[in-house]
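Next comes entry.tsv, a file with TSV, C-alpha atoms and all ligand atoms.
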chain	number	residue	atom	x	y	z
J	1	MET	CA	-6.93	-42.24	35.81
J	2	ALA	CA	-3.47	-41.96	34.28
J	3	ARG	CA	-4.50	-44.62	31.79
J	4	ALA	CA	-7.68	-42.81	30.76
J	5	GLY	CA	-5.58	-39.69	30.24
J	6	THR	CA	-3.20	-41.60	27.97
J	7	ASN	CA	-6.14	-42.89	25.92
J	8	VAL	CA	-7.46	-39.38	25.45
J	9	VAL	CA	-4.03	-38.26	24.25
J	10	VAL	CA	-3.84	-41.19	21.83
J	11	LEU	CA	-7.29	-40.39	20.48
J	12	LEU	CA	-6.45	-36.74	20.04
J	13	MET	CA	-3.25	-37.62	18.23
J	14	MET	CA	-5.14	-39.98	15.93
J	15	ALA	CA	-7.70	-37.28	15.19
J	16	LEU	CA	-4.89	-34.83	14.44
J	17	ALA	CA	-3.17	-37.34	12.15
J	18	ILE	CA	-6.41	-37.96	10.23
J	19	TRP	CA	-7.04	-34.24	9.91
J	20	LEU	CA	-3.50	-33.57	8.70
J	21	PHE	CA	-3.72	-36.41	6.21
J	22	SER	CA	-7.09	-35.34	4.79
J	23	SER	CA	-6.06	-31.69	4.44
J	24	ALA	CA	-2.84	-32.76	2.70
J	25	VAL	CA	-4.84	-34.80	0.21
J	26	ALA	CA	-7.38	-32.04	-0.34
J	27	ALA	CA	-4.83	-29.27	-0.93
J	28	GLY	CA	-4.11	-29.88	-4.62
J	29	GLN	CA	-7.52	-31.18	-5.65
J	30	GLY	CA	-8.95	-28.72	-8.06
J	31	LYS	CA	-12.42	-28.23	-9.40
J	32	TRP	CA	-11.38	-29.27	-12.94
J	33	PHE	CA	-7.71	-30.25	-12.80
J	34	ASP	CA	-5.10	-31.19	-10.22
J	35	ARG	CA	-2.14	-29.97	-12.25
J	36	ILE	CA	-1.73	-27.30	-14.91
J	37	TYR	CA	1.06	-26.44	-17.33
J	38	ILE	CA	0.77	-23.03	-18.95
J	39	ILE	CA	3.19	-22.87	-21.90
J	40	VAL	CA	3.61	-19.34	-23.19
J	41	PHE	CA	4.92	-18.82	-26.71
J	42	ASP	CA	5.10	-15.39	-28.35
J	43	LYS	CA	4.61	-13.38	-31.53
J	44	LEU	CA	3.01	-15.83	-33.99
J	45	LYS	CA	-0.34	-14.87	-35.48
J	46	PHE	CA	-3.25	-17.22	-34.78
J	47	ASN	CA	-3.14	-18.61	-38.33
J	48	GLU	CA	0.63	-19.03	-38.28
J	49	ALA	CA	0.39	-21.13	-35.13
J	50	TYR	CA	-2.62	-23.13	-36.32
J	51	GLY	CA	-0.86	-23.63	-39.66
J	52	ASP	CA	1.98	-25.43	-37.88
J	53	PRO	CA	1.28	-29.17	-37.89
J	54	THR	CA	2.34	-29.63	-34.26
J	55	PHE	CA	0.24	-26.82	-32.82
J	56	LYS	CA	-2.70	-28.07	-34.89
J	57	LYS	CA	-2.22	-31.67	-33.80
J	58	TRP	CA	-2.28	-30.79	-30.11
J	59	ALA	CA	-5.20	-28.39	-30.49
J	60	ILE	CA	-7.21	-31.22	-32.03
J	61	ARG	CA	-6.48	-33.40	-28.99
J	62	GLY	CA	-8.46	-30.91	-26.93
J	63	ARG	CA	-10.17	-27.56	-27.37
J	64	LEU	CA	-9.07	-24.73	-29.63
J	65	LEU	CA	-10.13	-21.30	-28.38
J	66	THR	CA	-10.76	-19.26	-31.51
J	67	ASN	CA	-11.64	-15.98	-29.82
J	68	TYR	CA	-8.92	-15.64	-27.17
J	69	THR	CA	-6.99	-12.36	-27.17
J	70	SER	CA	-3.90	-10.83	-25.63
J	71	VAL	CA	-4.62	-7.83	-23.41
J	72	GLY	CA	-1.66	-5.42	-23.34
J	73	TYR	CA	0.76	-3.63	-25.65
J	74	GLY	CA	4.05	-5.35	-26.36
J	75	ALA	CA	5.08	-8.65	-24.81
J	76	GLN	CA	5.97	-7.73	-21.22
J	77	SER	CA	2.57	-6.31	-20.29
J	78	ASN	CA	0.93	-9.56	-21.37
J	79	TYR	CA	3.20	-11.81	-19.31
J	80	ILE	CA	2.59	-9.50	-16.34
J	81	SER	CA	-1.18	-9.53	-16.85
J	82	MET	CA	-1.24	-13.33	-16.81
J	83	ILE	CA	-0.13	-13.47	-13.19
J	84	ALA	CA	-1.25	-10.06	-11.90
J	85	GLY	CA	-4.68	-9.50	-13.44
J	86	ARG	CA	-3.61	-6.10	-14.77
J	87	THR	CA	-1.03	-4.75	-17.21
J	88	HIS	CA	0.46	-2.27	-14.73
J	89	ASP	CA	0.31	0.21	-17.65
J	90	ILE	CA	3.41	-1.26	-19.22
J	91	TYR	CA	4.11	-0.32	-22.83
J	92	ASN	CA	7.73	-1.40	-23.29
J	93	GLU	CA	10.14	-4.22	-22.54
J	94	THR	CA	12.26	-2.33	-20.00
J	95	SER	CA	12.99	-4.15	-16.72
J	96	LEU	CA	10.70	-3.00	-13.93
J	97	ASN	CA	10.31	-3.63	-10.22
J	98	LEU	CA	6.61	-3.81	-9.45
J	99	ALA	CA	4.63	-3.67	-6.23
J	100	GLY	CA	1.22	-5.32	-5.96
J	101	PHE	CA	-0.28	-8.76	-5.71
J	102	THR	CA	0.15	-11.68	-8.05
J	103	LEU	CA	-1.19	-15.19	-8.29
J	104	ILE	CA	1.79	-16.27	-6.18
J	105	ASP	CA	0.28	-14.44	-3.19
J	106	ARG	CA	-2.60	-16.89	-3.56
J	107	LEU	CA	-0.64	-20.06	-4.33
J	108	GLN	CA	1.90	-19.34	-1.60
J	109	PRO	CA	0.23	-16.79	0.68
J	110	ARG	CA	2.86	-16.79	3.36
J	111	PHE	CA	6.52	-16.97	2.56
J	112	ASP	CA	7.06	-20.55	3.68
J	113	ALA	CA	5.31	-23.58	2.20
J	114	PRO	CA	2.90	-23.02	-0.68
J	115	VAL	CA	-0.75	-24.02	-0.53
J	116	ILE	CA	-0.57	-25.00	-4.18
J	117	SER	CA	2.92	-26.00	-5.26
J	118	TRP	CA	4.27	-23.98	-8.19
J	119	LYS	CA	7.28	-23.27	-10.34
J	120	ALA	CA	8.10	-20.93	-13.20
J	121	TYR	CA	10.37	-22.57	-15.77
J	122	LEU	CA	12.25	-20.18	-18.07
J	123	GLU	CA	14.58	-21.44	-20.74
J	124	ASP	CA	18.15	-20.15	-20.43
J	125	TYR	CA	17.37	-18.52	-17.08
J	126	GLU	CA	19.99	-19.28	-14.47
J	127	GLY	CA	17.83	-19.39	-11.34
J	128	VAL	CA	19.13	-18.04	-8.01
J	129	CYS	CA	17.01	-14.92	-8.40
J	130	ASN	CA	19.07	-13.60	-11.27
J	131	THR	CA	17.67	-10.18	-12.20
J	132	ALA	CA	19.63	-9.71	-15.45
J	133	ASP	CA	17.81	-8.15	-18.41
J	134	LYS	CA	19.26	-10.71	-20.83
J	135	ILE	CA	20.96	-14.06	-20.40
J	136	GLY	CA	22.42	-16.46	-22.93
J	137	LYS	CA	25.01	-16.51	-25.62
J	138	VAL	CA	22.74	-18.18	-28.13
J	139	ARG	CA	21.61	-15.69	-30.74
J	140	CYS	CA	18.17	-16.33	-32.11
J	141	ASP	CA	16.99	-15.00	-35.43
J	142	ARG	CA	15.08	-11.82	-34.78
J	143	THR	CA	15.80	-10.93	-31.20
J	144	GLY	CA	19.39	-11.82	-30.44
J	145	ILE	CA	19.61	-12.99	-26.84
J	146	SER	CA	17.71	-16.12	-25.88
J	147	TYR	CA	16.41	-15.19	-22.37
J	148	VAL	CA	14.90	-11.77	-21.74
J	149	ARG	CA	13.57	-10.64	-18.40
J	150	ALA	CA	10.54	-9.07	-20.10
J	151	HIS	CA	9.25	-12.63	-20.56
J	152	ASN	CA	9.71	-13.50	-16.88
J	153	PRO	CA	6.90	-11.74	-15.05
J	154	PHE	CA	7.77	-13.35	-11.72
J	155	ILE	CA	11.13	-11.66	-11.22
J	156	SER	CA	9.61	-8.21	-11.73
J	157	PHE	CA	7.44	-8.36	-8.60
J	158	ASP	CA	9.02	-7.23	-5.33
J	159	SER	CA	6.86	-9.73	-3.43
J	160	ILE	CA	8.51	-12.61	-5.28
J	161	ARG	CA	12.02	-11.32	-6.02
J	162	SER	CA	12.73	-10.22	-2.46
J	163	ARG	CA	11.52	-13.45	-0.79
J	164	SER	CA	13.85	-16.36	-1.31
J	165	GLU	CA	11.17	-19.01	-0.58
J	166	ARG	CA	9.28	-17.67	-3.56
J	167	CYS	CA	12.14	-16.56	-5.76
J	168	LYS	CA	13.82	-19.97	-5.72
J	169	LYS	CA	10.79	-21.38	-7.52
J	170	ILE	CA	11.78	-19.47	-10.66
J	171	VAL	CA	14.04	-22.03	-12.32
J	172	PRO	CA	15.79	-22.84	-15.62
J	173	GLY	CA	13.64	-24.59	-18.23
J	174	THR	CA	15.83	-27.70	-18.08
J	175	HIS	CA	14.44	-28.38	-14.60
J	176	LEU	CA	11.11	-29.48	-16.05
J	177	ALA	CA	12.53	-32.70	-17.48
J	178	GLU	CA	14.42	-33.34	-14.24
J	179	ASP	CA	11.33	-32.76	-12.10
J	180	ALA	CA	9.25	-34.93	-14.42
J	181	SER	CA	11.74	-37.81	-14.28
J	182	ARG	CA	11.59	-37.70	-10.47
J	183	ASN	CA	7.78	-37.52	-10.67
J	184	ASP	CA	7.99	-34.30	-8.71
J	185	VAL	CA	6.29	-31.65	-10.86
J	186	PRO	CA	4.36	-28.94	-9.01
J	187	GLU	CA	0.63	-28.38	-9.37
J	188	PHE	CA	0.96	-24.99	-11.08
J	189	ASN	CA	3.60	-24.73	-13.80
J	190	PHE	CA	4.32	-21.68	-15.95
J	191	TYR	CA	6.73	-22.49	-18.77
J	192	VAL	CA	8.40	-19.92	-21.04
J	193	PRO	CA	10.44	-21.12	-24.05
J	194	ASN	CA	13.43	-19.00	-25.02
J	195	ASN	CA	13.54	-16.65	-27.98
J	196	CYS	CA	14.84	-19.37	-30.31
J	197	HIS	CA	11.85	-21.60	-29.52
J	198	ASN	CA	8.96	-19.31	-28.66
J	199	GLY	CA	7.85	-18.31	-32.14
J	200	GLU	CA	10.29	-15.45	-32.65
J	201	GLY	CA	13.01	-17.74	-33.98
J	202	LYS	CA	13.28	-19.76	-37.18
J	203	LYS	CA	10.02	-20.79	-38.84
J	204	GLY	CA	8.83	-24.14	-37.49
J	205	SER	CA	11.07	-24.06	-34.42
J	206	ALA	CA	8.20	-23.32	-32.01
J	207	GLY	CA	6.24	-26.33	-33.25
J	208	LYS	CA	9.24	-28.65	-32.91
J	209	HIS	CA	9.79	-27.35	-29.43
J	210	LEU	CA	6.16	-27.84	-28.43
J	211	GLU	CA	6.44	-31.47	-29.47
J	212	ALA	CA	9.50	-31.98	-27.28
J	213	LEU	CA	7.80	-30.32	-24.31
J	214	MET	CA	4.65	-32.39	-24.74
J	215	THR	CA	6.77	-35.54	-24.78
J	216	THR	CA	8.34	-34.56	-21.46
J	217	ILE	CA	4.96	-33.69	-19.98
J	218	THR	CA	2.99	-36.68	-21.25
J	219	ASP	CA	5.65	-39.15	-20.14
J	220	HIS	CA	5.11	-37.82	-16.66
J	221	ALA	CA	1.37	-37.14	-16.79
J	222	VAL	CA	0.55	-40.83	-17.24
J	223	SER	CA	0.72	-41.21	-13.49
J	224	SER	CA	-1.24	-38.09	-12.61
J	225	SER	CA	-4.97	-38.05	-12.75
J	226	ARG	CA	-6.28	-34.75	-14.09
J	227	THR	CA	-3.74	-32.63	-15.95
J	228	LEU	CA	-4.44	-29.63	-18.16
J	229	VAL	CA	-1.91	-28.16	-20.57
J	230	VAL	CA	-2.69	-24.66	-21.85
J	231	VAL	CA	-0.69	-23.54	-24.87
J	232	THR	CA	-0.95	-19.83	-25.55
J	233	PHE	CA	0.93	-16.88	-27.02
J	234	ALA	CA	1.71	-13.82	-24.91
J	235	SER	CA	1.48	-11.25	-27.70
J	236	LEU	CA	1.49	-10.59	-31.42
J	237	GLN	CA	4.30	-9.22	-33.54
J	238	GLY	CA	3.78	-5.46	-33.56
J	239	GLY	CA	2.48	-5.47	-30.02
J	240	GLN	CA	-1.20	-4.60	-30.47
J	241	PRO	CA	-3.64	-6.70	-28.44
J	242	GLY	CA	-5.33	-9.24	-30.69
J	243	LYS	CA	-6.34	-12.82	-31.30
J	244	VAL	CA	-3.70	-15.32	-30.20
J	245	PHE	CA	-3.69	-19.09	-30.62
J	246	THR	CA	-4.72	-20.82	-27.41
J	247	ALA	CA	-5.53	-24.49	-26.88
J	248	LEU	CA	-6.63	-26.51	-23.86
J	249	ILE	CA	-5.04	-29.94	-23.97
J	250	PRO	CA	-6.41	-32.42	-21.44
J	251	LEU	CA	-4.30	-35.32	-20.24
J	252	GLY	CA	-5.18	-38.35	-18.15
J	253	GLU	CA	-8.67	-38.29	-16.64
J	254	MET	CA	-9.06	-34.67	-17.69
J	255	ARG	CA	-9.86	-36.01	-21.17
J	256	ARG	CA	-13.36	-36.85	-19.96
J	257	SER	CA	-14.18	-33.18	-19.49
J	258	ILE	CA	-12.65	-31.74	-22.68
J	259	PRO	CA	-13.64	-33.80	-25.73
J	260	GLU	CA	-11.13	-34.16	-28.55
J	261	GLY	CA	-11.68	-31.86	-31.49
J	262	SER	CA	-13.79	-29.29	-29.66
J	263	LEU	CA	-13.55	-25.58	-30.19
J	264	SER	CA	-14.90	-22.48	-28.54
J	265	GLU	CA	-15.71	-19.05	-29.98
J	266	THR	CA	-16.29	-17.45	-26.58
J	267	ALA	CA	-14.37	-14.21	-26.06
J	268	PHE	CA	-11.59	-15.11	-23.62
J	269	ASN	CA	-8.23	-13.51	-22.84
J	270	HIS	CA	-5.22	-13.84	-20.51
J	271	TYR	CA	-7.39	-12.75	-17.57
J	272	SER	CA	-9.72	-15.69	-18.26
J	273	LEU	CA	-6.76	-18.03	-17.88
J	274	LEU	CA	-5.79	-16.44	-14.56
J	275	ARG	CA	-9.40	-16.66	-13.39
J	276	THR	CA	-9.48	-20.35	-14.33
J	277	VAL	CA	-6.54	-21.06	-12.03
J	278	GLU	CA	-8.16	-19.04	-9.22
J	279	ASP	CA	-11.52	-20.77	-9.61
J	280	ASN	CA	-9.97	-24.21	-9.93
J	281	TRP	CA	-8.39	-24.00	-6.49
J	282	ASP	CA	-11.00	-21.70	-4.98
J	283	LEU	CA	-8.50	-18.85	-4.55
J	284	GLU	CA	-9.42	-15.24	-3.94
J	285	THR	CA	-9.16	-13.04	-7.04
J	286	LEU	CA	-6.49	-10.35	-7.34
J	287	LYS	CA	-9.17	-7.63	-7.59
J	288	GLY	CA	-8.01	-6.70	-11.07
J	289	LYS	CA	-9.43	-7.63	-14.47
J	290	ASP	CA	-9.69	-11.20	-13.21
J	291	VAL	CA	-12.78	-10.20	-11.20
J	292	THR	CA	-14.99	-9.80	-14.28
J	293	ALA	CA	-13.22	-12.36	-16.47
J	294	LYS	CA	-15.01	-15.64	-17.17
J	295	ASN	CA	-13.05	-18.79	-16.49
J	296	LEU	CA	-12.28	-20.97	-19.50
J	297	PHE	CA	-14.80	-23.60	-18.41
J	298	ASP	CA	-17.64	-21.09	-18.20
J	299	ASP	CA	-18.30	-21.62	-21.85
J	300	GLU	CA	-21.61	-21.82	-23.64
J	301	ASN	CA	-20.07	-21.56	-27.08
J	302	SER	CA	-18.01	-24.71	-27.27
J	303	ALA	CA	-18.73	-27.23	-29.98
J	304	SER	CA	-17.09	-30.06	-31.83
J	305	MET	CA	-14.82	-29.17	-34.73
J	401	LIG	C1	9.12	2.10	-20.11
J	401	LIG	O1	7.90	2.24	-19.39
J	401	LIG	C2	8.06	2.67	-18.05
J	401	LIG	C3	6.70	2.68	-17.41
J	401	LIG	O2	6.01	1.48	-17.61
J	401	LIG	C4	8.69	4.04	-18.03
J	401	LIG	O3	8.89	4.43	-16.69
J	401	LIG	C5	10.01	4.01	-18.77
J	401	LIG	O4	10.51	5.32	-18.87
J	401	LIG	C6	9.83	3.43	-20.17
J	401	LIG	N1	11.13	3.27	-20.77
J	401	LIG	C7	11.39	3.61	-22.02
J	401	LIG	C8	12.78	3.38	-22.49
J	401	LIG	O5	10.54	4.07	-22.76
J	402	LIG	C1	-15.48	-12.88	-30.32
J	402	LIG	O1	-16.18	-12.36	-29.22
J	402	LIG	C2	-16.70	-11.08	-29.44
J	402	LIG	C3	-17.27	-10.57	-28.12
J	402	LIG	O2	-18.24	-11.44	-27.62
J	402	LIG	C4	-17.74	-11.13	-30.53
J	402	LIG	O3	-18.25	-9.85	-30.78
J	402	LIG	C5	-17.09	-11.68	-31.80
J	402	LIG	O4	-18.06	-11.86	-32.77
J	402	LIG	C6	-16.41	-13.00	-31.50
J	402	LIG	N1	-15.65	-13.38	-32.69
J	402	LIG	C7	-15.71	-14.58	-33.23
J	402	LIG	C8	-14.83	-14.81	-34.41
J	402	LIG	O5	-16.41	-15.46	-32.78

How would this structure read if it were set down as structure tokens?
Amino acid sequence: MARAGTNVVVLLMMALAIWLFSSAVAAGQGKWFDRIYIIVFDKLKFNEAYGDPTFKKWAIRGRLLTNYTSVGYGAQSNYISMIAGRTHDIYNETSLNLAGFTLIDRLQPRFDAPVISWKAYLEDYEGVCNTADKIGKVRCDRTGISYVRAHNPFISFDSIRSRSERCKKIVPGTHLAEDASRNDVPEFNFYVPNNCHNGEGKKGSAGKHLEALMTTITDHAVSSSRTLVVVTFASLQGGQPGKVFTALIPLGEMRRSIPEGSLSETAFNHYSLLRTVEDNWDLETLKGKDVTAKNLFDDENSASM
């Protein structure tokens, strides 16, 4: 009798182990990709970006979206919209503390371990939940200080800033190369170059920087199966919503689903990108503009260049 009881316990433990293992494997498996890097530049016009040999080269490796627009006025509202599904009626670059849901409530619904691992990498940010408006002694051409909080949407949300298990995932940009070299890059990555590298600085500097980032990412992505890099621009100089350069760059096995040299004229915007992440991992929407947005794979107008 005691022995039969032991066998039942062993069987139950085996079943539990199998269940734990299979759910761990399933967690990061997305519909289209298992890992995404969203690299957010700023301020260049579509033609300025496409006229840069590096941006053009990487666009040709995947799909150029020729009808993708920013959604808010100024830069900050666009960064916010990309993770919140709404602009929160922001019209300036002043630091704000915002209530409301973001994508992080879906990726990491409770405050402990995330369902989908994530990090926000911001160049010249110092980590440890720093809430400063500006950081960095490096002066870049037009804007002066190299890190500005207006380009870090994560720190502005109470639900992230006030919870250390979330806040600690906002890290300096240099951590990307370190994480990549340890083969420990999260599934969802949001990367923001500083003001010297993001398109606001010297002509050509954004392109050079993209090349360096892609080198870091592709060195790592060799070992990962389906990786998508999205290169986009938060906003345009002058701050009106309008057409911004956006490209989908597939790596690894993802290259089977996005042919080289394709382009799409479908009307997309930053909400479409958010919706793509939600749909990829079957996450609930944020009940904002993401509800009606099409995901970037829901695309009847893609063709070869
Ligand atoms: C910036 O916008 C916020 C609302 O989004 C407003 O409360 C604040 O007064 C504005 N600041 C300036 C300097 O215009
Ligand atoms: C972009 O999409 C809009 C809305 O569907 C459409 O009216 C417009 O013609 C498209 N523009 C281009 C350049 O394809």

Within 12 Å of ligand LIG 402 (chain J), counting all atoms listed in the file, which protein or nucleic acid residues do you find, written as a PyMOL selection string? chain J and resi 46+65-69+242-244+263-269+294+299-302

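For ligand LIG 401 (chain J), the neighbouring protein, DNA and RNA residues, which are those within 9 Å when only C-alpha atoms and all ligand atoms are counted, are Ser77, His88, Asp89, Ile90, Tyr91, Asn92, Glu93, Thr94, Ser95 and Leu96 of chain J.
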
Could you tell me how far atom CA of J:Ala49 lies from atom CA of J:Ser225, in Å and to one decimal? 28.6 Å

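With only C-alpha atoms as the basis for measurement, J:Ala247 is the residue among J:Leu103, J:Ala247, J:Ile145, J:Ile83 that approaches J:Val231 most closely.
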
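Each of J:Glu178, J:Asp290, J:Asp279, J:Glu187 was compared to J:Tyr37 using all atoms listed in the file, and J:Glu187 turns out to be the nearest.
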
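The two atoms in question, atom CA of J:Gly62 and atom CA of J:Glu211, are spaced 15.1 Å apart.
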
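From atom CA of J:Asp179 back to atom CA of J:Thr216, the distance works out to 10.0 Å.
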
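Among the candidate residues J:Ser162, J:Ala84, J:Leu283, J:Lys45, the one lying nearest to J:Gly199 is J:Lys45, with distances computed using only C-alpha atoms.
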
Could you give me, as an NGL selection string, the residues within 7 Å of stretch 118-131 of chain J, counting all atoms listed in the file and dropping anything in the same chain fewer than 5 positions from it? :J and (136 or 146-147 or 155 or 161 or 167-174 or 176 or 186-194)

Is there a way to get, as a PyMOL selection string, all residues within 12 Å of the point (10.5, -27.5, -32.3) in file coordinates, counting all atoms listed in the file? chain J and resi 41+52-55+193-194+196-199+201-215

Which neighbours of J:Leu98 fall inside 9 Å, counting only C-alpha atoms, when residues of the same chain fewer than 2 positions from it are skipped, and could you give them as an MDAnalysis selection string? chainID J and resid 88 96 100 156:159

Could you give me stretch 243-256 of chain J completed to N, CA and C atoms, formatted as an mmCIF file, keeping the file's coordinate frame?
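What follows is the written file selection-v2.cif:
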data_model
loop_
_atom_site.group_PDB
_atom_site.id
_atom_site.type_symbol
_atom_site.label_atom_id
_atom_site.label_comp_id
_atom_site.auth_asym_id
_atom_site.auth_seq_id
_atom_site.Cartn_x
_atom_site.Cartn_y
_atom_site.Cartn_z
ATOM 1 N N LYS J 243 -6.028 -11.397 -31.440
ATOM 2 C CA LYS J 243 -6.340 -12.820 -31.300
ATOM 3 C C LYS J 243 -5.071 -13.670 -31.316
ATOM 4 N N VAL J 244 -4.858 -14.424 -30.263
ATOM 5 C CA VAL J 244 -3.700 -15.320 -30.200
ATOM 6 C C VAL J 244 -4.170 -16.769 -30.087
ATOM 7 N N PHE J 245 -3.394 -17.657 -30.679
ATOM 8 C CA PHE J 245 -3.690 -19.090 -30.620
ATOM 9 C C PHE J 245 -3.659 -19.558 -29.172
ATOM 10 N N THR J 246 -4.709 -20.231 -28.750
ATOM 11 C CA THR J 246 -4.720 -20.820 -27.410
ATOM 12 C C THR J 246 -5.457 -22.152 -27.479
ATOM 13 N N ALA J 247 -4.887 -23.168 -26.880
ATOM 14 C CA ALA J 247 -5.530 -24.490 -26.880
ATOM 15 C C ALA J 247 -5.490 -25.084 -25.478
ATOM 16 N N LEU J 248 -6.565 -25.764 -25.116
ATOM 17 C CA LEU J 248 -6.630 -26.510 -23.860
ATOM 18 C C LEU J 248 -6.422 -27.980 -24.188
ATOM 19 N N ILE J 249 -5.357 -28.544 -23.658
ATOM 20 C CA ILE J 249 -5.040 -29.940 -23.970
ATOM 21 C C ILE J 249 -5.172 -30.769 -22.697
ATOM 22 N N PRO J 250 -6.199 -31.622 -22.653
ATOM 23 C CA PRO J 250 -6.410 -32.420 -21.440
ATOM 24 C C PRO J 250 -5.560 -33.681 -21.476
ATOM 25 N N LEU J 251 -5.044 -34.065 -20.339
ATOM 26 C CA LEU J 251 -4.300 -35.320 -20.240
ATOM 27 C C LEU J 251 -4.917 -36.164 -19.118
ATOM 28 N N GLY J 252 -4.676 -37.459 -19.188
ATOM 29 C CA GLY J 252 -5.180 -38.350 -18.150
ATOM 30 C C GLY J 252 -6.703 -38.272 -18.054
ATOM 31 N N GLU J 253 -7.215 -38.285 -16.841
ATOM 32 C CA GLU J 253 -8.670 -38.290 -16.640
ATOM 33 C C GLU J 253 -9.348 -37.000 -17.065
ATOM 34 N N MET J 254 -8.532 -35.965 -17.241
ATOM 35 C CA MET J 254 -9.060 -34.670 -17.690
ATOM 36 C C MET J 254 -9.713 -34.798 -19.076
ATOM 37 N N ARG J 255 -9.323 -35.852 -19.810
ATOM 38 C CA ARG J 255 -9.860 -36.010 -21.170
ATOM 39 C C ARG J 255 -11.360 -36.255 -21.176
ATOM 40 N N ARG J 256 -11.897 -36.680 -20.043
ATOM 41 C CA ARG J 256 -13.360 -36.850 -19.960
ATOM 42 C C ARG J 256 -14.086 -35.515 -20.031
#
